[in-house]
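Source file: query.txt (compact mmCIF, C-alpha atoms)
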# COMPACT_ATOMS: atom_id res chain seq x y z
CA MET W 27 137.47 37.47 72.69
CA SER W 28 136.89 34.44 74.90
CA GLN W 29 138.92 31.26 74.63
CA LYS W 30 135.91 29.33 73.38
CA ASN W 31 135.25 31.88 70.68
CA MET W 32 138.78 31.71 69.48
CA LEU W 33 138.57 27.95 69.27
CA THR W 34 135.37 28.12 67.21
CA HIS W 35 136.97 30.52 64.76
CA GLY W 36 140.02 28.34 64.51
CA VAL W 37 137.91 25.29 63.77
CA ILE W 38 135.85 27.10 61.12
CA LEU W 39 138.99 28.41 59.46
CA GLY W 40 140.52 24.96 59.64
CA ILE W 41 137.46 23.42 57.99
CA PHE W 42 137.61 25.97 55.17
CA CYS W 43 141.31 25.29 54.66
CA LEU W 44 140.72 21.55 54.67
CA GLY W 45 137.79 21.83 52.26
CA PHE W 46 139.58 24.01 49.73
CA GLY W 47 142.79 22.06 50.17
CA LEU W 48 140.85 18.95 49.24
CA VAL W 49 139.30 20.64 46.21
CA LEU W 50 142.76 21.71 45.04
CA ALA W 51 144.26 18.27 45.67
CA VAL W 52 141.50 16.65 43.60
CA THR W 53 141.92 19.20 40.80
CA ASN W 54 145.65 18.63 40.82
CA SER W 55 145.34 14.87 40.59
CA VAL W 56 142.77 15.17 37.80
CA THR W 57 144.89 17.58 35.77
CA VAL W 58 148.43 16.43 36.49
CA ASP W 59 148.63 13.88 33.67
CA ASP W 60 147.12 16.22 31.12
CA ILE W 61 149.44 19.03 32.16
CA ALA W 62 152.46 16.75 31.83
CA ALA W 63 151.24 15.60 28.42
CA ARG W 64 150.78 19.21 27.28
CA ALA W 65 154.26 20.08 28.53
CA LEU W 66 155.73 17.16 26.58
CA GLU W 67 153.82 18.20 23.44
CA ASP W 68 155.21 21.68 23.86
CA ARG W 69 158.69 20.24 24.14
CA GLN W 70 158.25 18.17 20.99
CA ASN W 71 156.92 21.20 19.18
CA SER W 72 159.80 23.35 20.27
CA LEU W 73 162.27 20.61 19.29
CA SER W 74 160.82 20.33 15.83
CA GLN W 75 161.16 24.10 15.51
CA VAL W 76 164.84 24.19 16.40
CA ILE W 77 165.94 21.05 14.51
CA PRO W 78 164.89 21.00 10.86
CA ASN W 79 163.26 17.77 9.72
CA GLU W 80 165.71 17.33 6.83
CA ILE W 81 168.72 16.72 9.04
CA HIS W 82 167.43 13.78 11.02
CA ASP W 83 165.69 10.43 10.60
CA ASN W 84 165.37 9.53 14.28
CA ASN W 85 162.94 10.53 17.00
CA VAL W 86 164.81 13.41 18.59
CA VAL W 87 162.83 13.27 21.82
CA LYS W 88 164.03 9.71 22.41
CA ASP W 89 167.74 10.09 21.69
CA THR W 90 168.97 11.97 24.70
CA LEU W 91 172.06 12.56 26.78
CA THR W 92 172.16 14.02 30.25
CA MET W 93 174.92 16.55 30.76
CA LYS W 94 175.86 19.21 33.27
CA ASN W 95 175.83 22.74 31.90
CA ASN W 96 178.21 25.49 32.97
CA LEU W 97 175.98 26.35 35.93
CA GLY W 98 176.16 22.78 37.19
CA LYS W 99 172.55 22.17 36.26
CA GLU W 100 171.66 18.86 34.63
CA ILE W 101 170.25 19.32 31.17
CA THR W 102 168.89 16.93 28.62
CA VAL W 103 170.60 17.04 25.25
CA TYR W 104 168.38 15.85 22.41
CA ARG W 105 170.28 14.48 19.46
CA ALA W 106 169.30 14.48 15.83
CA THR W 107 170.90 11.65 13.87
CA LYS W 108 170.83 10.69 10.23
CA ASP W 109 172.16 7.29 9.08
CA GLY W 110 173.61 6.78 12.54
CA LYS W 111 175.58 10.02 12.52
CA VAL W 112 174.77 12.89 14.85
CA THR W 113 173.80 15.84 12.68
CA GLY W 114 172.67 18.23 15.36
CA VAL W 115 171.78 18.62 19.01
CA ALA W 116 169.22 20.61 20.94
CA TYR W 117 169.23 21.51 24.59
CA GLU W 118 167.76 23.97 27.01
CA ILE W 119 169.64 27.16 27.76
CA TYR W 120 168.88 29.70 30.43
CA GLY W 121 169.11 33.47 30.34
CA THR W 122 168.36 36.14 32.88
CA GLY W 123 165.74 38.62 31.77
CA TYR W 124 164.05 41.61 33.33
CA ALA W 125 161.72 39.47 35.45
CA GLY W 126 163.71 36.33 36.12
CA GLU W 127 164.81 33.32 34.19
CA ILE W 128 164.20 32.91 30.48
CA LYS W 129 164.21 29.29 29.33
CA LEU W 130 165.09 28.64 25.72
CA MET W 131 165.64 25.64 23.46
CA LEU W 132 168.74 25.93 21.32
CA GLY W 133 169.37 23.77 18.27
CA VAL W 134 172.93 23.48 16.97
CA ALA W 135 174.07 21.64 13.85
CA ALA W 136 177.17 19.44 14.00
CA ASP W 137 179.18 22.26 12.37
CA GLY W 138 178.34 24.63 15.21
CA LYS W 139 175.72 26.69 13.35
CA VAL W 140 172.46 27.57 15.09
CA THR W 141 169.58 25.64 13.53
CA GLY W 142 167.02 27.46 15.62
CA VAL W 143 166.23 29.00 18.99
CA ARG W 144 162.83 29.20 20.67
CA VAL W 145 161.68 30.58 23.99
CA LEU W 146 160.13 27.90 26.19
CA ALA W 147 159.17 29.95 29.23
CA HIS W 148 159.68 33.48 30.47
CA LYS W 149 158.13 36.05 32.77
CA GLU W 150 158.99 39.16 30.75
CA THR W 151 156.64 42.13 30.47
CA PRO W 152 153.82 41.49 28.00
CA GLY W 153 154.05 43.96 25.14
CA LEU W 154 157.74 44.70 25.77
CA GLY W 155 159.96 41.75 26.59
CA ASP W 156 157.68 39.11 25.12
CA LYS W 157 158.83 40.04 21.62
CA ILE W 158 161.37 37.24 22.05
CA GLU W 159 158.49 34.82 21.41
CA VAL W 160 158.36 33.76 17.78
CA LYS W 161 154.60 34.25 17.60
CA LYS W 162 154.97 37.92 18.54
CA THR W 163 157.91 38.89 16.31
CA ASP W 164 160.50 37.06 14.20
CA TRP W 165 163.38 38.52 16.25
CA ILE W 166 164.46 35.14 17.59
CA THR W 167 164.84 33.71 14.06
CA ARG W 168 167.70 36.11 13.35
CA PHE W 169 170.02 33.77 15.19
CA ASP W 170 169.48 30.97 12.64
CA THR W 171 172.68 29.89 10.83
CA LEU W 172 174.86 32.09 13.05
CA SER W 173 177.74 30.53 14.97
CA LEU W 174 180.42 31.55 17.44
CA GLY W 175 182.71 32.94 14.72
CA ASN W 176 179.89 34.53 12.77
CA PRO W 177 179.49 37.19 14.04
CA PRO W 178 182.79 37.43 15.93
CA ILE W 179 182.52 36.76 19.64
CA GLU W 180 182.74 40.44 20.61
CA LYS W 181 179.69 41.18 18.45
CA TRP W 182 177.50 38.64 20.29
CA LYS W 183 175.79 41.46 22.18
CA VAL W 184 172.84 43.76 21.74
CA LYS W 185 173.52 46.97 19.80
CA LYS W 186 173.40 49.08 22.95
CA ASP W 187 176.39 47.11 24.26
CA GLY W 188 178.31 47.43 20.99
CA GLY W 189 177.12 44.16 19.47
CA GLN W 190 175.10 43.41 16.40
CA PHE W 191 171.70 42.32 17.73
CA ASP W 192 168.75 44.69 17.95
CA GLN W 193 167.19 45.34 21.30
CA PHE W 194 163.48 46.21 21.49
CA ALA W 195 162.07 49.66 22.05
CA GLY W 196 161.71 49.84 25.82
CA ALA W 197 163.33 46.51 26.54
CA THR W 198 167.08 45.97 26.48
CA ILE W 199 167.50 43.62 29.42
CA THR W 200 165.40 40.85 27.88
CA PRO W 201 167.24 40.62 24.53
CA ARG W 202 170.57 41.08 26.31
CA GLY W 203 169.79 38.04 28.45
CA VAL W 204 168.73 36.02 25.41
CA VAL W 205 171.83 36.91 23.38
CA LYS W 206 174.06 36.04 26.32
CA ALA W 207 172.25 32.72 26.85
CA ILE W 208 172.67 31.77 23.19
CA ARG W 209 176.35 32.76 23.20
CA GLU W 210 176.96 30.68 26.31
CA GLY W 211 174.94 27.85 24.80
CA LEU W 212 177.20 27.83 21.76
CA GLU W 213 180.29 27.96 23.95
CA PHE W 214 178.90 24.96 25.81
CA PHE W 215 178.55 23.16 22.49
CA GLU W 216 182.15 23.97 21.53
CA ALA W 217 183.41 22.69 24.87
CA HIS W 218 181.46 19.43 24.78
CA LYS W 219 181.31 18.83 21.06
CA ALA W 220 183.11 15.47 21.17
CA GLU W 221 180.82 14.07 23.82
CA MET W 222 177.66 15.30 22.14
CA LEU W 223 178.57 14.10 18.67
CA ALA W 224 179.90 10.70 19.76
CA ALA W 225 178.35 7.77 17.91
CA ALA W 226 174.68 7.64 18.67
CA THR W 227 173.58 5.25 21.37
CA PRO W 228 169.85 5.68 21.70
CA THR W 229 168.79 5.75 25.31
CA ALA W 230 165.22 5.24 26.31
CA ASN W 231 163.62 8.33 27.70
CA PRO W 232 160.86 7.10 29.99
CA ASP W 233 158.61 10.13 29.70
CA ALA W 234 159.05 10.34 25.95
CA ASP W 235 156.93 7.24 25.49
CA LYS W 236 154.11 8.57 27.55
CA SER W 237 152.98 11.03 24.90
CA HIS W 238 152.39 8.32 22.35
CA THR W 239 150.20 6.23 24.59
CA LYS W 240 148.35 9.27 25.84
CA GLU W 241 145.03 9.93 24.18
CA GLU W 242 144.38 13.33 22.68
CA HIS W 243 141.76 15.38 24.48
CA MET B 11 117.33 43.36 51.38
CA ALA B 12 118.79 41.95 48.20
CA THR B 13 120.09 44.57 45.80
CA SER B 14 118.18 44.77 42.52
CA TYR B 15 119.89 43.35 39.44
CA ASN B 16 119.49 46.69 37.75
CA THR B 17 121.62 48.37 40.42
CA ILE B 18 124.17 45.56 40.31
CA VAL B 19 124.61 45.93 36.56
CA LYS B 20 124.82 49.73 36.70
CA ASP B 21 127.19 49.69 39.66
CA GLY B 22 129.50 47.15 38.09
CA LEU B 23 129.70 48.69 34.66
CA TRP B 24 129.73 52.40 35.47
CA GLU B 25 128.59 53.92 38.78
CA ASN B 26 130.93 51.97 41.01
CA ASN B 27 133.34 50.66 38.39
CA GLY B 28 136.24 48.83 40.02
CA VAL B 29 138.97 50.84 38.35
CA LEU B 30 137.35 54.13 37.32
CA ALA B 31 135.29 54.81 40.45
CA MET B 32 136.72 52.71 43.28
CA LEU B 33 140.35 52.87 42.06
CA LEU B 34 140.85 49.26 43.08
CA GLY B 35 142.88 46.60 41.32
CA LEU B 36 145.38 49.15 40.07
CA CYS B 37 148.32 46.75 40.28
CA PRO B 38 147.11 44.43 37.51
CA THR B 39 145.63 47.46 35.74
CA MET B 40 148.99 49.15 35.38
CA ALA B 41 150.82 45.94 34.61
CA MET B 42 148.47 44.43 32.06
CA THR B 43 147.14 47.36 30.05
CA THR B 44 150.10 47.65 27.70
CA SER B 45 147.71 46.53 24.97
CA ALA B 46 143.97 46.22 24.57
CA THR B 47 144.26 42.44 24.13
CA ASN B 48 146.19 42.02 27.37
CA GLY B 49 143.63 44.17 29.18
CA LEU B 50 140.81 42.07 27.78
CA GLY B 51 142.50 38.80 28.78
CA MET B 52 143.27 39.96 32.30
CA GLY B 53 139.74 41.32 32.69
CA LEU B 54 138.04 38.12 31.55
CA ALA B 55 140.19 35.91 33.78
CA THR B 56 139.44 38.21 36.73
CA ALA B 57 135.72 38.17 35.98
CA VAL B 58 135.63 34.35 36.16
CA VAL B 59 137.43 34.34 39.51
CA MET B 60 135.25 37.16 40.89
CA ALA B 61 132.02 35.42 39.89
CA ALA B 62 133.12 32.07 41.38
CA SER B 63 134.47 33.49 44.62
CA GLY B 64 131.47 35.82 45.06
CA LEU B 65 129.12 32.87 44.74
CA LEU B 66 131.13 30.75 47.22
CA VAL B 67 131.45 33.47 49.84
CA SER B 68 127.75 34.20 49.60
CA ILE B 69 126.85 30.52 50.03
CA PHE B 70 129.08 30.20 53.10
CA ARG B 71 128.38 33.70 54.44
CA SER B 72 126.61 32.53 57.57
CA TYR B 73 129.62 30.40 58.56
CA ILE B 74 132.28 33.00 57.84
CA THR B 75 132.51 34.92 61.08
CA GLN B 76 133.69 38.49 61.30
CA GLU B 77 137.06 37.56 62.84
CA ILE B 78 138.20 35.10 60.21
CA ARG B 79 136.60 36.60 57.11
CA ILE B 80 139.76 38.08 55.57
CA PRO B 81 141.80 34.82 55.61
CA VAL B 82 138.78 32.92 54.32
CA TYR B 83 138.28 35.40 51.46
CA ILE B 84 141.93 35.18 50.52
CA LEU B 85 141.75 31.40 50.72
CA ILE B 86 138.72 31.30 48.45
CA VAL B 87 140.19 33.72 45.87
CA ALA B 88 143.51 31.87 45.85
CA ALA B 89 141.78 28.49 45.53
CA MET B 90 139.67 29.74 42.61
CA VAL B 91 142.75 31.18 40.89
CA THR B 92 144.64 27.90 41.26
CA LEU B 93 141.62 25.95 40.05
CA VAL B 94 141.31 28.10 36.93
CA ASP B 95 145.07 27.96 36.40
CA LEU B 96 145.31 24.16 36.60
CA SER B 97 142.25 23.35 34.54
CA MET B 98 143.16 25.83 31.81
CA ASN B 99 146.67 24.44 31.65
CA ALA B 100 145.30 20.93 31.24
CA TRP B 101 142.30 21.37 28.99
CA MET B 102 142.60 24.75 27.29
CA HIS B 103 146.30 24.73 26.69
CA GLU B 104 146.37 27.09 23.70
CA LEU B 105 144.44 29.73 25.60
CA TYR B 106 146.56 29.06 28.68
CA LYS B 107 149.71 29.90 26.78
CA VAL B 108 148.29 33.37 26.21
CA LEU B 109 146.34 33.95 29.42
CA GLY B 110 148.51 31.86 31.72
CA LEU B 111 150.74 34.80 32.43
CA PHE B 112 147.84 36.84 33.84
CA ILE B 113 146.14 34.29 36.03
CA PRO B 114 148.40 34.25 39.11
CA LEU B 115 148.30 38.06 39.06
CA ILE B 116 144.60 37.96 39.99
CA VAL B 117 145.56 37.11 43.57
CA SER B 118 147.33 40.46 43.78
CA ASN B 119 144.10 42.22 42.82
CA CYS B 120 142.23 43.72 45.75
CA LEU B 121 139.04 44.24 43.74
CA PRO B 122 137.75 40.67 44.25
CA LEU B 123 138.54 40.96 47.96
CA ALA B 124 136.75 44.31 48.22
CA ARG B 125 133.63 42.97 46.53
CA LEU B 126 133.57 39.88 48.76
CA GLU B 127 133.73 42.13 51.81
CA ALA B 128 131.32 44.79 50.58
CA PHE B 129 128.84 42.69 48.69
CA ALA B 130 129.01 38.89 48.72
CA SER B 131 129.26 38.66 52.52
CA LYS B 132 125.84 40.35 52.83
CA GLU B 133 123.86 39.36 49.77
CA PRO B 134 122.24 36.13 48.52
CA PRO B 135 124.17 33.84 46.15
CA ALA B 136 122.39 34.85 42.93
CA GLN B 137 123.03 38.55 43.54
CA SER B 138 126.64 37.87 44.51
CA LEU B 139 127.23 35.86 41.36
CA MET B 140 125.77 38.72 39.29
CA ASP B 141 127.87 41.25 41.18
CA GLY B 142 131.00 39.21 40.49
CA ILE B 143 130.15 38.92 36.80
CA PHE B 144 129.29 42.59 36.28
CA MET B 145 132.10 43.97 38.42
CA GLY B 146 134.32 41.67 36.37
CA ILE B 147 132.89 42.94 33.09
CA GLY B 148 133.27 46.53 34.29
CA PHE B 149 136.88 45.77 35.18
CA THR B 150 137.36 44.18 31.73
CA LEU B 151 135.89 47.24 29.98
CA ALA B 152 138.08 49.63 31.95
CA LEU B 153 141.22 47.57 31.31
CA THR B 154 140.44 47.17 27.62
CA ALA B 155 139.80 50.92 27.26
CA ILE B 156 143.01 51.89 29.07
CA GLY B 157 144.87 49.20 27.11
CA ALA B 158 143.46 50.49 23.81
CA VAL B 159 144.57 54.09 24.47
CA ARG B 160 148.04 52.98 25.61
CA GLU B 161 148.42 50.59 22.70
CA ILE B 162 147.37 53.14 20.05
CA THR B 163 149.59 55.89 21.43
CA GLY B 164 152.43 53.61 22.47
CA SER B 165 152.69 50.95 19.77
CA GLY B 166 150.40 52.32 17.06
CA THR B 167 148.32 49.16 16.96
CA LEU B 168 144.95 48.14 18.34
CA PHE B 169 144.04 44.65 19.55
CA ALA B 170 147.34 43.23 18.29
CA ASP B 171 147.45 39.45 18.82
CA ALA B 172 143.72 39.35 19.57
CA SER B 173 143.51 36.20 17.45
CA LEU B 174 145.89 34.43 19.85
CA LEU B 175 143.52 35.18 22.71
CA LEU B 176 140.11 34.81 21.07
CA GLY B 177 140.82 32.48 18.15
CA PRO B 178 141.62 33.02 14.46
CA ALA B 179 138.08 34.31 13.78
CA PHE B 180 139.01 37.52 15.57
CA LYS B 181 141.92 38.33 13.27
CA PHE B 182 139.83 41.21 11.86
CA MET B 183 140.14 43.09 15.18
CA GLU B 184 143.90 43.47 14.79
CA MET B 185 144.59 46.91 13.42
CA ARG B 186 147.53 49.17 12.82
CA VAL B 187 146.35 52.68 13.60
CA LEU B 188 149.63 54.56 13.32
CA PRO B 189 152.65 53.66 11.18
CA ALA B 190 155.20 51.38 12.82
CA ASP B 191 157.77 52.97 15.18
CA THR B 192 155.81 56.20 15.65
CA GLY B 193 154.47 55.24 19.07
CA ILE B 194 155.41 57.12 22.22
CA LEU B 195 157.28 54.53 24.23
CA MET B 196 156.35 56.11 27.57
CA MET B 197 152.72 55.15 27.02
CA ILE B 198 153.41 51.42 27.29
CA LEU B 199 155.71 51.93 30.28
CA PRO B 200 154.29 52.41 33.79
CA PRO B 201 153.98 56.25 33.61
CA GLY B 202 151.69 55.87 30.60
CA GLY B 203 149.48 53.56 32.63
CA PHE B 204 149.07 56.09 35.43
CA LEU B 205 148.47 58.91 32.95
CA VAL B 206 145.79 57.13 30.96
CA ALA B 207 144.07 55.61 34.01
CA GLY B 208 144.10 59.02 35.73
CA LEU B 209 142.67 60.81 32.70
CA MET B 210 139.94 58.18 32.42
CA VAL B 211 138.98 58.63 36.08
CA VAL B 212 138.74 62.38 35.45
CA GLY B 213 136.75 61.74 32.30
CA LYS B 214 134.27 59.55 34.14
CA ARG B 215 133.78 62.14 36.88
CA MET B 216 133.29 64.92 34.35
CA LEU B 217 130.59 62.89 32.62
CA ASP B 218 128.96 62.23 36.00
CA VAL B 219 129.05 65.94 36.88
CA ARG B 220 127.57 66.85 33.53
CA ALA B 221 124.78 64.34 34.18
CA GLY B 222 124.14 66.18 37.46
CA LYS B 223 125.10 63.35 39.75
CA ALA B 224 126.66 63.94 43.11
CA ILE B 225 130.31 62.92 43.16
CA GLN B 226 131.07 60.11 45.53
CA MET B 227 134.43 59.53 46.99
CA GLY B 228 135.92 56.35 45.58
CA GLY B 229 133.86 53.41 46.67
CA ALA B 230 132.59 55.15 49.78
CA HIS B 231 129.06 53.84 49.70
CA SER B 232 129.97 50.25 49.07
CA ALA B 233 133.21 49.80 50.93
CA ALA B 234 132.12 51.67 54.03
Could you quickly redo this structure as structure tokens?
Amino acid sequence: MSQKNMLTHGVILGIFCLGFGLVLAVTNSVTVDDIAARALEDRQNSLSQVIPNEIHDNNVVKDTLTMKNNLGKEITVYRATKDGKVTGVAYEIYGTGYAGEIKLMLGVAADGKVTGVRVLAHKETPGLGDKIEVKKTDWITRFDTLSLGNPPIEKWKVKKDGGQFDQFAGATITPRGVVKAIREGLEFFEAHKAEMLAAATPTANPDADKSHTKEEH
Amino acid sequence: MATSYNTIVKDGLWENNGVLAMLLGLCPTMAMTTSATNGLGMGLATAVVMAASGLLVSIFRSYITQEIRIPVYILIVAAMVTLVDLSMNAWMHELYKVLGLFIPLIVSNCLPLARLEAFASKEPPAQSLMDGIFMGIGFTLALTAIGAVREITGSGTLFADASLLLGPAFKFMEMRVLPADTGILMMILPPGGFLVAGLMVVGKRMLDVRAGKAIQMGGAHSAA
């Protein structure tokens, strides 16, 4: 292949890359706001699923704390308050599944009982590991009202490991990761209870306001 | 020398079916056919990308030189996948929550790439668009069929969660064929995928032999 030929090919390839790069950049800028809005809606939905409406009279998305979890990662703690008292908190917890990280939202009442857990994102095998999603099975709702002492700490495992939680047919790693994440999440709550339940000082969450000004599509 | 639409349709759906004749795209096939609904979702998403990339490659075919065609094809497929991924996330969020998992997997599928090379790089845009659509539909049918067999034997259901993918109106498709917990677990694990896909390839060839057609080696006449 001659030098000139090679140059021509390079230029053509470069033009294609530039063209499609441009198309993708435009698509990204057109969709970025909507995607962020959808993500926030999802977060609000998952919050309302893990914190029952009866226990709070504030906007949970707006009353937040930023804390470091046991992995050193900064997490946002959403607080439910009623008459100025913190009645429950919700925060993201992370588990390791069969195909990577499983992100969950854990809701804990002030007395340390689980008010709800929902999966936010995961890459588990469809048809096997995705049974942790509430729309596939009600498995994840079995954690409601449980706490660190109930069942005892050594029973916070899947049945295969001598615990009390069912694994799925064909998938043990996924539920094992979820159970471990919830147990660690509750331990995190125990360790930081005082800080989380301290008198509510509402902090403005800049991206929480966005959703209200955003038009529905 | 444009191929007739009749041939394109027949090739895509049966004669040269992506999975059952050419044995291409087996990675997503094995991964996504744990249920008929998953197969259907993966197939439809792939069909959209195949149609769009086929059309684009055909339009630009005189500029895509022999030496750089593979990177350009990959670029086009990847760009289409990202485009579909972003716009579905933004504007069809409910559907995205179900299908979103499948979309990035399309890049790992060599069927679109094979069709760009074997068809869209030589044929006019209209034909290439049709080829993308019908190869995509053929792929969808194969995946749904394999998914259905694996789901019935493995989980005892058929089209479970179809209403999440297609909307509440399709709730009627969701069936329980066998009682709960009677399924053979192996069928929804990878070995089941190879078994069912293999048996279907055999089944297709037997039907072809019975019809008196000469057996072609997988994809020989198109990929050559």
**OP:** Select all residues from chain B having any atom no more than 7 Å from an atom of chain W (counting only C-alpha atoms, ignoring ligands), output as a list in words.
**Re:**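 Listing them in order of chain and number gives Thr44, Ser45, Ile78, Val82, Ala89, Leu93, Leu96, Ser97, Asn99, Ala100 and Leu195 of chain B.
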C-alpha atoms of the current selection, written as a tab-separated table (two decimals), keeping the file's coordinate frame:
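Output saved as again.tsv:
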chain	number	residue	atom	x	y	z
B	44	THR	CA	150.10	47.65	27.70
B	45	SER	CA	147.71	46.53	24.97
B	78	ILE	CA	138.20	35.10	60.21
B	82	VAL	CA	138.78	32.92	54.32
B	89	ALA	CA	141.78	28.49	45.53
B	93	LEU	CA	141.62	25.95	40.05
B	96	LEU	CA	145.31	24.16	36.60
B	97	SER	CA	142.25	23.35	34.54
B	99	ASN	CA	146.67	24.44	31.65
B	100	ALA	CA	145.30	20.93	31.24
B	195	LEU	CA	157.28	54.53	24.23
Original post:
Could you name the residues that touch Asn79 of chain W at 12 Å or less, counting only C-alpha atoms, but leaving out those on the same chain fewer than 6 positions away, as number ranges by chain?
Top reply: W: 71, 73, 85-86, 106-108, 113-114, 141-142
Subject >> Which of W:Arg69, W:Lys186, W:His82, W:Lys99 sits closest to Lys111 of chain W [using all atoms listed in the file] >> reply: W:His82
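Computed from the coordinates, the atom CA of Met145 of chain B to atom CA of Leu54 of chain B distance equals 10.8 Å.
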Subject >> Spatial neighbours of Ala158 of chain B, max dist 12 Å, only C-alpha atoms, sep filter under 2 positions, as JSON, numbers by chain >> reply: {"B": [42, 43, 44, 45, 46, 47, 48, 49, 50, 150, 151, 152, 153, 154, 155, 156, 160, 161, 162, 163, 164, 165, 166, 167, 168, 169, 170, 172, 183, 184, 185, 186, 187, 197, 198, 202, 203, 206, 207]}
**OP:** Work out how far atom CA of Val115 of chain W is from atom CA of Phe215 of chain W, in Å to one decimal.
**Re:**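 Computed distance, atom CA of Phe215 of chain W to atom CA of Val115 of chain W, equals 8.9 Å.
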Distance query Leu146 of chain W at most 8 Å, only C-alpha atoms, self and fewer than 3 positions along chain excluded, as a compact mmCIF listing (two decimals) with C-alpha atoms, in the coordinates of the input:
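And here is the file that came out, part-v4.txt:
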# COMPACT_ATOMS: atom_id res chain seq x y z
CA SER W 72 159.80 23.35 20.27
CA ILE W 128 164.20 32.91 30.48
CA LYS W 129 164.21 29.29 29.33
CA LEU W 130 165.09 28.64 25.72
CA MET W 131 165.64 25.64 23.46
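Computed from the coordinates, the atom CA of Ala136 of chain B to atom CA of Gly53 of chain B distance equals 21.2 Å.
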**OP:** Give me the residues within 7 Å of Leu91 of chain W as a list in words, counting all atoms listed in the file and dropping any in the same chain fewer than 4 places off.
**Re:**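 Surrounding residues, per the criterion: Thr102, Val103 and Tyr104 of chain W.
If you measure from each of W:Lys157, W:Lys30, W:Lys139, W:Lys94 to Asp171 of chain B using only C-alpha atoms, the closest one turns out to be W:Lys157.
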**OP:** Pull the neighbourhood of (148.3, 32.5, 40.0) for me: all residues within 7 Å in file coordinates, counting only C-alpha atoms, as a list of chain:residue names.
**Re:** B:Val91, B:Thr92, B:Asp95, B:Ile113, B:Pro114, B:Leu115, B:Ile116, B:Val117
Original post:
Within 9 Å of Leu109 of chain B, counting all atoms listed in the file, which residues qualify if same-chain residues fewer than 4 places away don't, as number ranges by chain?
Top reply: B: 48, 51-52, 55, 104-105, 113, 175
Could the residues in this selection be saved with C-alpha atoms as an mmCIF file, keeping the file's coordinate frame?
data_model
loop_
_atom_site.group_PDB
_atom_site.id
_atom_site.type_symbol
_atom_site.label_atom_id
_atom_site.label_comp_id
_atom_site.auth_asym_id
_atom_site.auth_seq_id
_atom_site.Cartn_x
_atom_site.Cartn_y
_atom_site.Cartn_z
ATOM 1 C CA ASN B 48 146.190 42.020 27.370
ATOM 2 C CA GLY B 51 142.500 38.800 28.780
ATOM 3 C CA MET B 52 143.270 39.960 32.300
ATOM 4 C CA ALA B 55 140.190 35.910 33.780
ATOM 5 C CA GLU B 104 146.370 27.090 23.700
ATOM 6 C CA LEU B 105 144.440 29.730 25.600
ATOM 7 C CA ILE B 113 146.140 34.290 36.030
ATOM 8 C CA LEU B 175 143.520 35.180 22.710
#
